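Have a look at structure_9.txt below; it lists compact mmCIF, C-alpha atoms and all ligand atoms.
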```
# COMPACT_ATOMS: atom_id res chain seq x y z
CA MET A 1 18.36 -114.48 -32.47
CA ILE A 2 20.16 -113.23 -35.58
CA LYS A 3 23.86 -112.55 -35.04
CA THR A 4 25.39 -109.40 -36.41
CA SER A 5 29.11 -109.51 -37.07
CA LEU A 6 29.69 -108.37 -33.52
CA ASN A 7 33.30 -107.50 -32.85
CA ILE A 8 34.25 -107.88 -29.17
CA GLN A 9 37.40 -106.14 -27.92
CA LYS A 10 37.93 -107.07 -24.27
CA VAL A 11 39.85 -104.85 -21.90
CA ALA A 12 43.08 -106.31 -20.52
CA GLN A 13 42.15 -105.71 -16.90
CA SER A 14 38.66 -105.44 -15.36
CA LYS A 15 37.98 -102.71 -12.76
CA VAL A 16 35.35 -104.80 -10.99
CA ASP A 17 37.65 -105.55 -8.04
CA GLN A 18 37.57 -101.87 -7.11
CA LEU A 19 33.79 -101.91 -6.57
CA ASP A 20 32.43 -102.11 -3.03
CA PHE A 21 29.24 -104.08 -3.72
CA ASP A 22 27.73 -103.05 -0.39
CA ASN A 23 27.97 -99.34 -1.15
CA ILE A 24 27.24 -98.66 -4.79
CA PRO A 25 26.52 -95.00 -5.54
CA PHE A 26 23.60 -94.78 -8.00
CA GLY A 27 24.52 -93.91 -11.57
CA LYS A 28 28.17 -93.09 -10.95
CA VAL A 29 29.96 -96.40 -11.46
CA PHE A 30 30.41 -97.68 -15.00
CA THR A 31 31.57 -101.10 -16.10
CA ASP A 32 34.56 -102.03 -18.30
CA HIS A 33 32.83 -102.20 -21.68
CA MET A 34 30.17 -100.59 -23.82
CA TYR A 35 28.29 -101.69 -26.91
CA VAL A 36 28.47 -99.35 -29.91
CA ALA A 37 27.01 -99.30 -33.42
CA ASP A 38 27.19 -96.58 -36.06
CA TYR A 39 24.61 -95.52 -38.63
CA LYS A 40 25.77 -94.10 -41.94
CA ASP A 41 24.79 -94.36 -45.61
CA GLY A 42 21.33 -95.49 -44.53
CA GLU A 43 22.29 -98.51 -42.45
CA TRP A 44 23.58 -99.67 -39.10
CA GLY A 45 27.00 -101.28 -38.97
CA GLU A 46 30.27 -101.66 -37.09
CA PHE A 47 28.49 -103.50 -34.26
CA ARG A 48 31.08 -103.81 -31.50
CA ILE A 49 31.80 -104.07 -27.81
CA GLU A 50 34.80 -102.03 -26.74
CA ALA A 51 36.37 -100.44 -23.66
CA PHE A 52 34.02 -98.01 -21.90
CA GLY A 53 35.29 -94.49 -22.37
CA HIS A 54 34.74 -90.94 -23.59
CA LEU A 55 33.50 -90.14 -27.09
CA PRO A 56 35.11 -87.50 -29.26
CA VAL A 57 32.19 -85.32 -30.36
CA HIS A 58 32.24 -82.35 -32.72
CA PRO A 59 31.01 -79.06 -31.18
CA ALA A 60 28.38 -78.75 -33.93
CA ASN A 61 26.93 -82.18 -33.13
CA ILE A 62 23.24 -82.01 -34.05
CA ALA A 63 22.07 -83.91 -30.96
CA TRP A 64 23.60 -81.28 -28.67
CA HIS A 65 21.97 -78.35 -30.45
CA TYR A 66 18.64 -79.67 -31.69
CA GLY A 67 17.99 -82.63 -29.45
CA GLN A 68 17.83 -85.77 -31.59
CA SER A 69 18.59 -87.91 -28.56
CA ILE A 70 16.62 -90.82 -27.10
CA PHE A 71 17.29 -93.45 -24.46
CA GLU A 72 16.11 -96.56 -22.65
CA GLY A 73 16.59 -97.83 -19.11
CA MET A 74 16.51 -101.51 -18.22
CA LYS A 75 17.93 -103.92 -15.70
CA ALA A 76 19.93 -107.14 -15.73
CA THR A 77 19.85 -109.18 -12.53
CA LYS A 78 21.22 -112.46 -11.23
CA SER A 79 19.11 -115.46 -10.34
CA LYS A 80 19.69 -116.94 -6.91
CA ASP A 81 21.91 -119.51 -8.69
CA GLY A 82 24.01 -116.75 -10.18
CA ILE A 83 22.67 -116.82 -13.75
CA PRO A 84 22.47 -113.37 -15.39
CA MET A 85 19.01 -112.45 -16.68
CA LEU A 86 17.46 -109.71 -18.78
CA PHE A 87 13.95 -108.40 -18.22
CA ARG A 88 11.72 -108.00 -21.29
CA PRO A 89 14.49 -106.80 -23.65
CA GLU A 90 12.22 -106.94 -26.72
CA MET A 91 9.82 -104.44 -25.12
CA HIS A 92 12.70 -102.01 -24.67
CA SER A 93 13.73 -102.53 -28.29
CA LYS A 94 10.18 -101.77 -29.44
CA ARG A 95 10.00 -98.67 -27.30
CA ILE A 96 13.30 -97.16 -28.44
CA ASN A 97 12.08 -97.59 -31.99
CA ARG A 98 8.80 -95.80 -31.20
CA SER A 99 10.90 -92.96 -29.76
CA ALA A 100 13.19 -93.07 -32.81
CA GLU A 101 10.29 -92.77 -35.24
CA ARG A 102 8.93 -89.69 -33.45
CA LEU A 103 12.32 -87.96 -33.57
CA CYS A 104 13.00 -88.93 -37.19
CA MET A 105 15.81 -91.27 -36.16
CA PRO A 106 16.44 -94.67 -37.78
CA PRO A 107 15.08 -97.76 -36.02
CA PHE A 108 17.71 -99.96 -34.41
CA PRO A 109 17.16 -103.59 -35.50
CA LYS A 110 15.48 -105.64 -32.77
CA ASP A 111 17.86 -108.58 -33.13
CA ALA A 112 20.90 -106.33 -32.86
CA PHE A 113 19.39 -104.66 -29.76
CA VAL A 114 18.75 -107.98 -28.03
CA GLU A 115 22.14 -109.33 -29.07
CA GLY A 116 23.77 -106.14 -27.80
CA VAL A 117 22.29 -106.26 -24.31
CA TYR A 118 22.78 -110.03 -24.17
CA GLU A 119 26.45 -110.06 -25.15
CA LEU A 120 27.25 -107.00 -23.03
CA VAL A 121 25.62 -108.52 -19.95
CA LYS A 122 27.39 -111.81 -20.60
CA LEU A 123 30.71 -109.98 -20.67
CA GLU A 124 29.93 -107.78 -17.63
CA GLN A 125 28.24 -110.43 -15.48
CA ASN A 126 30.75 -110.07 -12.65
CA TRP A 127 29.44 -106.53 -12.24
CA ILE A 128 25.86 -107.66 -11.48
CA PRO A 129 25.26 -107.27 -7.74
CA LYS A 130 23.77 -110.43 -6.22
CA ALA A 131 21.52 -108.96 -3.51
CA GLU A 132 17.84 -109.07 -4.47
CA GLY A 133 16.60 -105.66 -5.59
CA SER A 134 20.02 -104.65 -6.87
CA ALA A 135 20.88 -104.89 -10.55
CA LEU A 136 23.06 -103.94 -13.44
CA TYR A 137 21.28 -100.92 -14.90
CA LEU A 138 21.59 -100.81 -18.68
CA ARG A 139 21.37 -97.56 -20.59
CA PRO A 140 20.83 -98.01 -24.33
CA PHE A 141 20.66 -94.68 -26.16
CA MET A 142 20.82 -93.18 -29.61
CA ILE A 143 22.17 -89.78 -30.65
CA ALA A 144 22.51 -87.89 -33.90
CA MET A 145 26.12 -87.46 -35.01
CA ASP A 146 25.99 -85.05 -37.97
CA GLU A 147 28.21 -82.00 -37.66
CA PHE A 148 26.01 -79.25 -38.93
CA ILE A 149 24.40 -76.03 -37.78
CA GLY A 150 20.77 -75.88 -38.87
CA VAL A 151 17.65 -77.78 -37.93
CA GLN A 152 17.50 -80.86 -40.10
CA VAL A 153 17.40 -84.63 -39.82
CA SER A 154 20.82 -86.08 -39.09
CA LYS A 155 22.16 -88.68 -41.52
CA THR A 156 24.53 -90.31 -39.03
CA TYR A 157 23.85 -91.74 -35.57
CA LYS A 158 25.43 -93.67 -32.77
CA PHE A 159 23.67 -96.36 -30.74
CA ILE A 160 25.40 -97.18 -27.46
CA ILE A 161 24.67 -99.35 -24.43
CA PHE A 162 26.58 -98.89 -21.20
CA CYS A 163 26.02 -100.35 -17.74
CA CYS A 164 25.97 -99.14 -14.13
CA PRO A 165 25.76 -101.53 -11.18
CA VAL A 166 23.07 -100.28 -8.76
CA GLY A 167 22.26 -101.31 -5.19
CA PRO A 168 18.78 -102.17 -3.90
CA TYR A 169 16.96 -98.99 -4.79
CA TYR A 170 15.20 -97.52 -1.82
CA SER A 171 12.82 -94.78 -2.78
CA LYS A 172 11.78 -92.59 0.10
CA PRO A 173 8.03 -91.93 0.22
CA LEU A 174 7.27 -89.20 -2.29
CA LYS A 175 5.57 -85.85 -1.86
CA LEU A 176 4.08 -84.79 -5.18
CA LYS A 177 2.91 -81.43 -6.43
CA ALA A 178 0.08 -81.65 -8.95
CA GLU A 179 1.34 -79.01 -11.37
CA THR A 180 -1.12 -76.37 -12.55
CA LYS A 181 1.12 -73.98 -14.48
CA TYR A 182 3.73 -75.97 -16.40
CA ILE A 183 3.21 -79.05 -18.55
CA ARG A 184 5.32 -82.07 -19.48
CA ALA A 185 3.50 -83.26 -22.57
CA ALA A 186 0.65 -82.19 -24.83
CA GLU A 187 -1.38 -84.24 -27.28
CA GLY A 188 0.55 -84.40 -30.53
CA GLY A 189 3.84 -83.79 -28.75
CA VAL A 190 6.71 -86.09 -27.81
CA GLY A 191 5.52 -87.21 -24.36
CA TYR A 192 5.36 -90.87 -25.33
CA ALA A 193 8.99 -90.86 -26.49
CA LYS A 194 11.91 -91.35 -24.12
CA ALA A 195 13.44 -88.24 -25.63
CA ALA A 196 16.16 -86.30 -23.79
CA GLY A 197 14.38 -82.96 -24.20
CA ASN A 198 11.38 -84.13 -22.17
CA TYR A 199 13.57 -84.34 -19.08
CA ALA A 200 15.26 -80.98 -19.66
CA GLY A 201 11.82 -79.37 -19.80
CA SER A 202 10.78 -80.95 -16.52
CA LEU A 203 13.71 -79.61 -14.49
CA PHE A 204 12.51 -76.06 -13.86
CA PRO A 205 9.00 -76.93 -12.61
CA THR A 206 10.51 -79.72 -10.50
CA GLU A 207 12.98 -77.30 -8.91
CA LEU A 208 10.09 -74.94 -8.09
CA ALA A 209 8.15 -77.85 -6.56
CA LYS A 210 11.20 -78.75 -4.46
CA GLN A 211 11.36 -75.20 -3.12
CA GLU A 212 7.79 -75.76 -1.88
CA GLY A 213 8.80 -78.94 -0.07
CA PHE A 214 7.78 -81.51 -2.69
CA ASP A 215 10.00 -84.18 -4.23
CA GLN A 216 8.48 -84.43 -7.69
CA VAL A 217 5.79 -83.07 -9.96
CA LEU A 218 2.59 -84.96 -10.74
CA TRP A 219 1.98 -83.84 -14.31
CA LEU A 220 -1.53 -82.93 -15.39
CA ASP A 221 -2.83 -82.69 -18.93
CA ALA A 222 -1.90 -79.66 -21.03
CA LYS A 223 -5.43 -78.55 -21.96
CA GLU A 224 -7.30 -78.40 -18.68
CA PHE A 225 -4.72 -79.18 -15.98
CA LYS A 226 -7.19 -81.79 -14.87
CA TYR A 227 -6.18 -85.33 -15.84
CA CYS A 228 -3.21 -87.04 -14.17
CA GLN A 229 -0.37 -88.09 -16.46
CA GLU A 230 2.74 -89.34 -14.65
CA VAL A 231 5.65 -88.47 -12.37
CA GLY A 232 9.33 -87.93 -13.20
CA THR A 233 10.38 -91.22 -14.78
CA MET A 234 7.48 -93.18 -13.36
CA ASN A 235 3.92 -94.02 -14.31
CA ILE A 236 1.35 -93.42 -11.60
CA PHE A 237 -1.13 -95.80 -9.96
CA PHE A 238 -4.08 -95.05 -7.68
CA VAL A 239 -5.86 -97.62 -5.55
CA ILE A 240 -9.45 -96.43 -5.04
CA GLY A 241 -11.69 -98.81 -3.13
CA ASP A 242 -10.85 -102.22 -4.59
CA THR A 243 -9.91 -100.85 -8.02
CA ILE A 244 -6.45 -100.03 -9.28
CA VAL A 245 -6.49 -97.11 -11.70
CA THR A 246 -3.68 -95.86 -13.93
CA PRO A 247 -3.94 -93.17 -16.61
CA SER A 248 -4.44 -94.49 -20.12
CA THR A 249 -1.58 -93.81 -22.53
CA ASP A 250 -3.68 -93.53 -25.68
CA LYS A 251 -3.33 -89.76 -26.14
CA GLY A 252 0.42 -90.01 -26.60
CA THR A 253 1.23 -87.82 -23.61
CA ILE A 254 2.44 -90.57 -21.29
CA LEU A 255 5.53 -92.72 -21.53
CA GLU A 256 4.44 -96.34 -21.79
CA GLY A 257 6.34 -97.93 -18.95
CA ILE A 258 7.42 -101.53 -19.12
CA THR A 259 7.13 -101.69 -15.34
CA LYS A 260 3.56 -100.38 -15.63
CA ASP A 261 2.74 -103.02 -18.22
CA SER A 262 4.24 -105.74 -16.02
CA LEU A 263 2.35 -104.56 -12.93
CA LEU A 264 -0.94 -104.53 -14.87
CA HIS A 265 -0.32 -108.13 -15.94
CA LEU A 266 0.44 -109.21 -12.37
CA LEU A 267 -2.62 -107.43 -10.99
CA ARG A 268 -4.97 -108.88 -13.62
CA ALA A 269 -3.52 -112.37 -13.16
CA LYS A 270 -4.28 -112.08 -9.42
CA GLY A 271 -7.87 -111.13 -10.21
CA HIS A 272 -7.64 -107.50 -9.16
CA LYS A 273 -9.94 -104.96 -10.74
CA VAL A 274 -7.76 -102.77 -12.96
CA GLU A 275 -8.73 -99.73 -15.02
CA GLU A 276 -6.60 -97.88 -17.56
CA ARG A 277 -8.49 -94.68 -18.13
CA MET A 278 -8.42 -90.91 -17.71
CA ILE A 279 -8.37 -90.03 -14.04
CA SER A 280 -8.86 -86.45 -12.94
CA ILE A 281 -7.10 -84.92 -9.97
CA ASP A 282 -10.58 -83.94 -8.66
CA GLU A 283 -11.52 -87.62 -8.55
CA VAL A 284 -8.39 -88.32 -6.52
CA VAL A 285 -9.15 -85.46 -4.12
CA ALA A 286 -12.75 -86.67 -3.74
CA ALA A 287 -11.60 -90.25 -3.08
CA SER A 288 -9.20 -88.94 -0.46
CA LYS A 289 -12.05 -87.03 1.22
CA ASP A 290 -14.46 -89.96 1.30
CA GLY A 291 -11.79 -92.40 2.48
CA SER A 292 -11.76 -94.64 -0.59
CA LEU A 293 -8.25 -93.60 -1.70
CA LYS A 294 -6.01 -96.36 -0.38
CA GLU A 295 -2.68 -96.01 -2.18
CA ILE A 296 -0.82 -93.90 -4.69
CA PHE A 297 2.47 -95.15 -6.09
CA GLY A 298 4.79 -94.57 -9.01
CA ALA A 299 6.15 -97.41 -11.17
CA GLY A 300 9.39 -97.45 -13.14
CA THR A 301 12.45 -99.58 -13.80
CA ALA A 302 14.74 -97.91 -11.24
CA ALA A 303 12.55 -98.13 -8.12
CA VAL A 304 10.00 -100.72 -9.36
CA VAL A 305 7.45 -98.91 -7.17
CA ALA A 306 7.77 -95.73 -5.10
CA ASN A 307 5.07 -94.98 -2.56
CA VAL A 308 3.47 -91.56 -2.48
CA GLU A 309 2.72 -90.13 0.97
CA LYS A 310 1.39 -86.72 -0.04
CA VAL A 311 -0.06 -84.89 -3.01
CA GLY A 312 -0.54 -81.14 -3.06
CA TYR A 313 -3.05 -79.76 -5.55
CA ARG A 314 -3.88 -76.04 -5.39
CA ASP A 315 -5.09 -75.61 -1.78
CA HIS A 316 -5.84 -79.31 -1.25
CA THR A 317 -3.45 -81.67 0.48
CA ILE A 318 -3.91 -85.40 0.17
CA ASN A 319 -2.16 -87.36 2.90
CA LEU A 320 -1.70 -91.10 2.65
CA ASP A 321 -0.79 -93.71 5.22
CA ILE A 322 1.94 -95.63 3.42
CA ASP A 323 2.21 -98.16 6.27
CA SER A 324 -1.22 -99.45 5.30
CA TYR A 325 -0.22 -100.04 1.66
CA LYS A 326 -0.77 -103.61 0.48
CA ILE A 327 -0.81 -103.59 -3.32
CA SER A 328 2.39 -101.62 -3.85
CA PRO A 329 4.68 -103.71 -1.57
CA TRP A 330 3.26 -106.90 -3.07
CA LEU A 331 4.03 -105.68 -6.59
CA LYS A 332 7.57 -104.67 -5.70
CA ASP A 333 8.25 -107.99 -4.00
CA THR A 334 6.83 -109.91 -6.96
CA ILE A 335 8.86 -108.06 -9.61
CA ASN A 336 12.06 -108.34 -7.57
CA GLY A 337 11.26 -111.99 -6.88
CA ILE A 338 10.81 -112.74 -10.58
CA ARG A 339 14.09 -110.94 -11.28
CA SER A 340 15.92 -113.20 -8.83
CA CYS A 341 14.02 -116.42 -9.72
CA ARG A 342 12.61 -116.58 -6.18
CA ILE A 343 9.17 -116.31 -7.77
CA GLU A 344 8.32 -118.26 -10.91
CA ASP A 345 8.23 -116.19 -14.10
CA GLU A 346 4.80 -117.23 -15.36
CA HIS A 347 4.76 -114.50 -17.99
CA GLY A 348 8.00 -115.39 -19.78
CA TRP A 349 9.55 -112.00 -19.06
CA THR A 350 13.08 -113.02 -18.14
CA VAL A 351 15.78 -114.02 -20.62
CA LYS A 352 18.63 -116.04 -19.17
CA VAL A 353 22.13 -115.14 -20.34
CA VAL A 354 24.04 -118.41 -20.59
C1 LIG B 1 11.21 -94.48 -18.29
C2 LIG B 1 9.98 -93.72 -17.88
C3 LIG B 1 8.90 -94.34 -17.24
C4 LIG B 1 8.92 -95.76 -16.76
O1 LIG B 1 9.18 -96.70 -17.74
P1 LIG B 1 9.76 -98.13 -17.33
O2 LIG B 1 9.86 -98.84 -18.61
O3 LIG B 1 8.79 -98.74 -16.41
O4 LIG B 1 11.07 -97.87 -16.66
C5 LIG B 1 7.75 -93.60 -16.99
N1 LIG B 1 7.70 -92.30 -17.32
C6 LIG B 1 8.72 -91.67 -17.92
C7 LIG B 1 8.57 -90.24 -18.27
C8 LIG B 1 9.90 -92.35 -18.21
O5 LIG B 1 10.92 -91.72 -18.77
```
Write out the structure in this file as structure tokens.
Ligand SMILES: *Cc1c(COP(=O)(O)O)cnc(C)c1O
Amino acid sequence: MIKTSLNIQKVAQSKVDQLDFDNIPFGKVFTDHMYVADYKDGEWGEFRIEAFGHLPVHPANIAWHYGQSIFEGMKATKSKDGIPMLFRPEMHSKRINRSAERLCMPPFPKDAFVEGVYELVKLEQNWIPKAEGSALYLRPFMIAMDEFIGVQVSKTYKFIIFCCPVGPYYSKPLKLKAETKYIRAAEGGVGYAKAAGNYAGSLFPTELAKQEGFDQVLWLDAKEFKYCQEVGTMNIFFVIGDTIVTPSTDKGTILEGITKDSLLHLLRAKGHKVEERMISIDEVVAASKDGSLKEIFGAGTAAVVANVEKVGYRDHTINLDIDSYKISPWLKDTINGIRSCRIEDEHGWTVKVV
């Protein structure tokens, strides 16, 4: 790991004593420090860890008006012996740079990214909840910083990582609406990037789905409203007969989840039949009718897996018996077990912070 000239300014007094570890509200508690780097004159510099706090931002900030803004989401956990651990940090570094390229933003060097999360987690390790399934959620992100009105590529950027402790994430069983009017991502678009605008665009259709009694939208493709894409901030999995199917990401319309990638590795290593391919909503409806549809679940960093109990598609309703699910609970237990060292990490995914 290459070291940048990382400048660490510690706060005088940590706020960690004020946290009730048994009742952590999701996404609302922030730790003492954040990692910051600035991009100007064509390079990244001023790598530092400083007190967490507000940023002074110019009203004409380009990110606010034209959306050059991307992010990541990852977790640090503690082993049962209390050692802090990262999960696949290099994958997150690769992904933020794929997002950066698509939005004409500069790549953030991989070594600086890994050093940033590593040193920040080392400093904030008292904030990592110990209970299995809980974690320190890390939010690396990059925003344009030019002060300019007009659509153009920013010349200055900020890269920041901050942390939120999160409790064991319980996701209630989801009711999904297969969306047949609005889209999330089209071929050639920015669907594969973790770009802020993708989430803004999803809000309105999701609110409409909620008014109809659903929790989330199951996005279908933009051409035919036929092929399943993903859900919210999760990739989607279907268990049909003895085969586990997840939509292929090769058309650039689906965010390539690191949880999804990890689950596919676990499933293949166990000898399960796995297919990454286009899957139409009609195939899912047909499998539901003939009884071969066993499970549907979403996969993402926050929840690991979230079971789906219902899918509405036009005038069809697919109901699922989540109590009979076998694959999804096994996957969740395995990922959480690897993240707490209860289960051996055979894939070399965890990085110990020592
Ligand atoms: C972040 C995200 C995912 C899941 O990615 P993970 O790396 O598994 O957390 C899936 N879909 C979308 C749209 C996302 O933003």
Task: Top pick for closest residue to ligand LIG 1 (chain B), considering A:Gly291, A:Pro205, A:Gly337, A:Gly191 and counting all atoms listed in the file - done: A:Gly191
- [ ] Please provide as a PyMOL selection string all residues within 9 Å of Ala185 of chain A, with the sequence filter that same-chain residues fewer than 5 positions apart are discarded (counting only C-alpha atoms).
- [x] chain A and resi 190-192+198+219-222+229+252-254
Around ligand LIG 1 (chain B), which protein and nucleic acid residues have at least one atom no more than 9 Å from it, if we count all atoms listed in the file? List them as a short mmCIF file (atom, residue, chain, number, x, y, z; two decimals) with C-alpha atoms, keeping the file's coordinate frame.
```cif
data_model
loop_
_atom_site.label_atom_id
_atom_site.label_comp_id
_atom_site.auth_asym_id
_atom_site.auth_seq_id
_atom_site.Cartn_x
_atom_site.Cartn_y
_atom_site.Cartn_z
CA PHE A 71 17.29 -93.45 -24.46
CA GLU A 72 16.11 -96.56 -22.65
CA GLY A 73 16.59 -97.83 -19.11
CA MET A 74 16.51 -101.51 -18.22
CA MET A 91 9.82 -104.44 -25.12
CA HIS A 92 12.70 -102.01 -24.67
CA ARG A 95 10.00 -98.67 -27.30
CA ARG A 184 5.32 -82.07 -19.48
CA GLY A 191 5.52 -87.21 -24.36
CA TYR A 192 5.36 -90.87 -25.33
CA ALA A 193 8.99 -90.86 -26.49
CA LYS A 194 11.91 -91.35 -24.12
CA ALA A 195 13.44 -88.24 -25.63
CA ASN A 198 11.38 -84.13 -22.17
CA TYR A 199 13.57 -84.34 -19.08
CA GLU A 230 2.74 -89.34 -14.65
CA VAL A 231 5.65 -88.47 -12.37
CA GLY A 232 9.33 -87.93 -13.20
CA THR A 233 10.38 -91.22 -14.78
CA MET A 234 7.48 -93.18 -13.36
CA ASN A 235 3.92 -94.02 -14.31
CA ILE A 236 1.35 -93.42 -11.60
CA ILE A 254 2.44 -90.57 -21.29
CA LEU A 255 5.53 -92.72 -21.53
CA GLU A 256 4.44 -96.34 -21.79
CA GLY A 257 6.34 -97.93 -18.95
CA ILE A 258 7.42 -101.53 -19.12
CA THR A 259 7.13 -101.69 -15.34
CA LYS A 260 3.56 -100.38 -15.63
CA ASP A 261 2.74 -103.02 -18.22
CA SER A 262 4.24 -105.74 -16.02
CA GLY A 298 4.79 -94.57 -9.01
CA ALA A 299 6.15 -97.41 -11.17
CA GLY A 300 9.39 -97.45 -13.14
CA THR A 301 12.45 -99.58 -13.80
CA ALA A 302 14.74 -97.91 -11.24
CA ALA A 303 12.55 -98.13 -8.12
CA VAL A 304 10.00 -100.72 -9.36
#
```
Per residue of segment 256-298 of chain A within 12 Å of segment 166-173 of chain A, note the shortest atom pair and the distance in Å to one decimal, counting only C-alpha atoms, and order the rows by chain and increasing residue number, as a tab-separated table.
```
residue	atom	partner	partner_atom	distance
A:Glu295	CA	A:Pro173	CA	11.7
A:Ile296	CA	A:Pro173	CA	10.3
A:Phe297	CA	A:Pro173	CA	9.0
A:Gly298	CA	A:Pro173	CA	10.1
```
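As for atom CA of Glu147 of chain A and atom CA of Trp64 of chain A, they are spaced 10.1 Å apart.
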Write out as a Markdown table the residues of segment 105-144 of chain A that have any atom within 9 Å of an atom of segment 41-62 of chain A, one row each with the nearest atom pair and its distance in Å to one decimal, counting only C-alpha atoms, sorted by chain and then rising number.
```
| residue | atom | partner | partner_atom | distance |
| --- | --- | --- | --- | --- |
| A:Pro106 | CA | A:Gly42 | CA | 8.4 |
| A:Phe108 | CA | A:Trp44 | CA | 7.5 |
| A:Pro109 | CA | A:Trp44 | CA | 8.3 |
| A:Ala112 | CA | A:Phe47 | CA | 8.2 |
| A:Gly116 | CA | A:Ile49 | CA | 8.3 |
| A:Glu119 | CA | A:Ile49 | CA | 8.5 |
| A:Leu120 | CA | A:Ile49 | CA | 7.2 |
| A:Ile143 | CA | A:Ile62 | CA | 8.5 |
| A:Ala144 | CA | A:Ile62 | CA | 5.9 |
```
Task: Contact residues around segment 126-132 of chain A with all atoms listed in the file at 9 Å, ignoring same-chain residues under 3 positions, as a list in words - done: Val16, Leu19, Phe21, Asp22, Thr31, Ala76, Thr77, Lys78, Ser79, Lys80, Gly82, Pro84, Val121, Lys122, Leu123, Ala135, Leu136, Tyr137, Cys163, Cys164, Pro165, Val166, Gly167, Pro168, Asn336, Gly337, Arg339 and Ser340 of chain A
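Nearest residue to Gly27 of chain A among A:Ile160, A:Val284, A:Val151, A:Leu138 is A:Leu138, counting all atoms listed in the file.
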Task: Selection: 12 Å around Tyr182 of chain A, only C-alpha atoms, excl. self and same-chain fewer than 6 positions, as a ChimeraX atom specification - done: /A:201-209,217-225
Open item on the list: Set the distance at 10 Å and use all atoms listed in the file: which residues neighbour Lys40 of chain A once local chain neighbours fewer than 6 positions away are removed? I'd like the list as a count of residues only.
Closed with: 7
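Interatomic distance, atom CA of Ala100 of chain A to atom CA of Pro140 of chain A: 12.4 Å.
Of the residues under consideration (A:Glu275, A:Glu90, A:Asp38, A:Glu179), A:Asp38 shows the shortest atom-to-atom contact distance to Met142 of chain A when counting all atoms listed in the file.
Atom CA of His316 of chain A is found 15.9 Å from atom CA of Lys181 of chain A.
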Taking the block just given, write segment 255-266 of chain A to a file that holds N, CA, C and O atoms, as an mmCIF file, in the first residue's frame.
```cif
data_model
loop_
_atom_site.group_PDB
_atom_site.id
_atom_site.type_symbol
_atom_site.label_atom_id
_atom_site.label_comp_id
_atom_site.auth_asym_id
_atom_site.auth_seq_id
_atom_site.Cartn_x
_atom_site.Cartn_y
_atom_site.Cartn_z
ATOM 1 N N LEU A 255 -26.381 -1.369 -11.771
ATOM 2 C CA LEU A 255 -25.240 -1.088 -10.915
ATOM 3 C C LEU A 255 -24.616 -2.425 -10.511
ATOM 4 O O LEU A 255 -25.309 -3.311 -10.001
ATOM 5 N N GLU A 256 -23.324 -2.551 -10.741
ATOM 6 C CA GLU A 256 -22.666 -3.816 -10.408
ATOM 7 C C GLU A 256 -22.371 -3.888 -8.925
ATOM 8 O O GLU A 256 -21.401 -3.320 -8.447
ATOM 9 N N GLY A 257 -23.220 -4.570 -8.211
ATOM 10 C CA GLY A 257 -23.108 -4.631 -6.755
ATOM 11 C C GLY A 257 -21.955 -5.521 -6.313
ATOM 12 O O GLY A 257 -21.695 -6.567 -6.906
ATOM 13 N N ILE A 258 -21.300 -5.077 -5.254
ATOM 14 C CA ILE A 258 -20.222 -5.880 -4.687
ATOM 15 C C ILE A 258 -20.825 -6.993 -3.823
ATOM 16 O O ILE A 258 -20.290 -8.093 -3.756
ATOM 17 N N THR A 259 -21.987 -6.723 -3.256
ATOM 18 C CA THR A 259 -22.709 -7.795 -2.555
ATOM 19 C C THR A 259 -23.117 -8.873 -3.554
ATOM 20 O O THR A 259 -22.899 -10.063 -3.324
ATOM 21 N N LYS A 260 -23.675 -8.445 -4.681
ATOM 22 C CA LYS A 260 -24.080 -9.396 -5.725
ATOM 23 C C LYS A 260 -22.899 -10.266 -6.149
ATOM 24 O O LYS A 260 -23.016 -11.493 -6.210
ATOM 25 N N ASP A 261 -21.779 -9.634 -6.394
ATOM 26 C CA ASP A 261 -20.591 -10.379 -6.813
ATOM 27 C C ASP A 261 -20.179 -11.387 -5.728
ATOM 28 O O ASP A 261 -19.853 -12.536 -6.025
ATOM 29 N N SER A 262 -20.249 -10.953 -4.477
ATOM 30 C CA SER A 262 -19.859 -11.845 -3.374
ATOM 31 C C SER A 262 -20.837 -13.022 -3.262
ATOM 32 O O SER A 262 -20.424 -14.164 -3.064
ATOM 33 N N LEU A 263 -22.132 -12.734 -3.394
ATOM 34 C CA LEU A 263 -23.132 -13.805 -3.299
ATOM 35 C C LEU A 263 -22.939 -14.825 -4.425
ATOM 36 O O LEU A 263 -23.035 -16.039 -4.204
ATOM 37 N N LEU A 264 -22.643 -14.323 -5.636
ATOM 38 C CA LEU A 264 -22.428 -15.247 -6.762
ATOM 39 C C LEU A 264 -21.240 -16.166 -6.484
ATOM 40 O O LEU A 264 -21.308 -17.374 -6.750
ATOM 41 N N HIS A 265 -20.167 -15.598 -5.910
ATOM 42 C CA HIS A 265 -19.015 -16.428 -5.558
ATOM 43 C C HIS A 265 -19.392 -17.493 -4.525
ATOM 44 O O HIS A 265 -19.011 -18.662 -4.660
ATOM 45 N N LEU A 266 -20.131 -17.101 -3.506
ATOM 46 C CA LEU A 266 -20.515 -18.056 -2.457
ATOM 47 C C LEU A 266 -21.390 -19.167 -3.033
ATOM 48 O O LEU A 266 -21.206 -20.346 -2.714
#
```
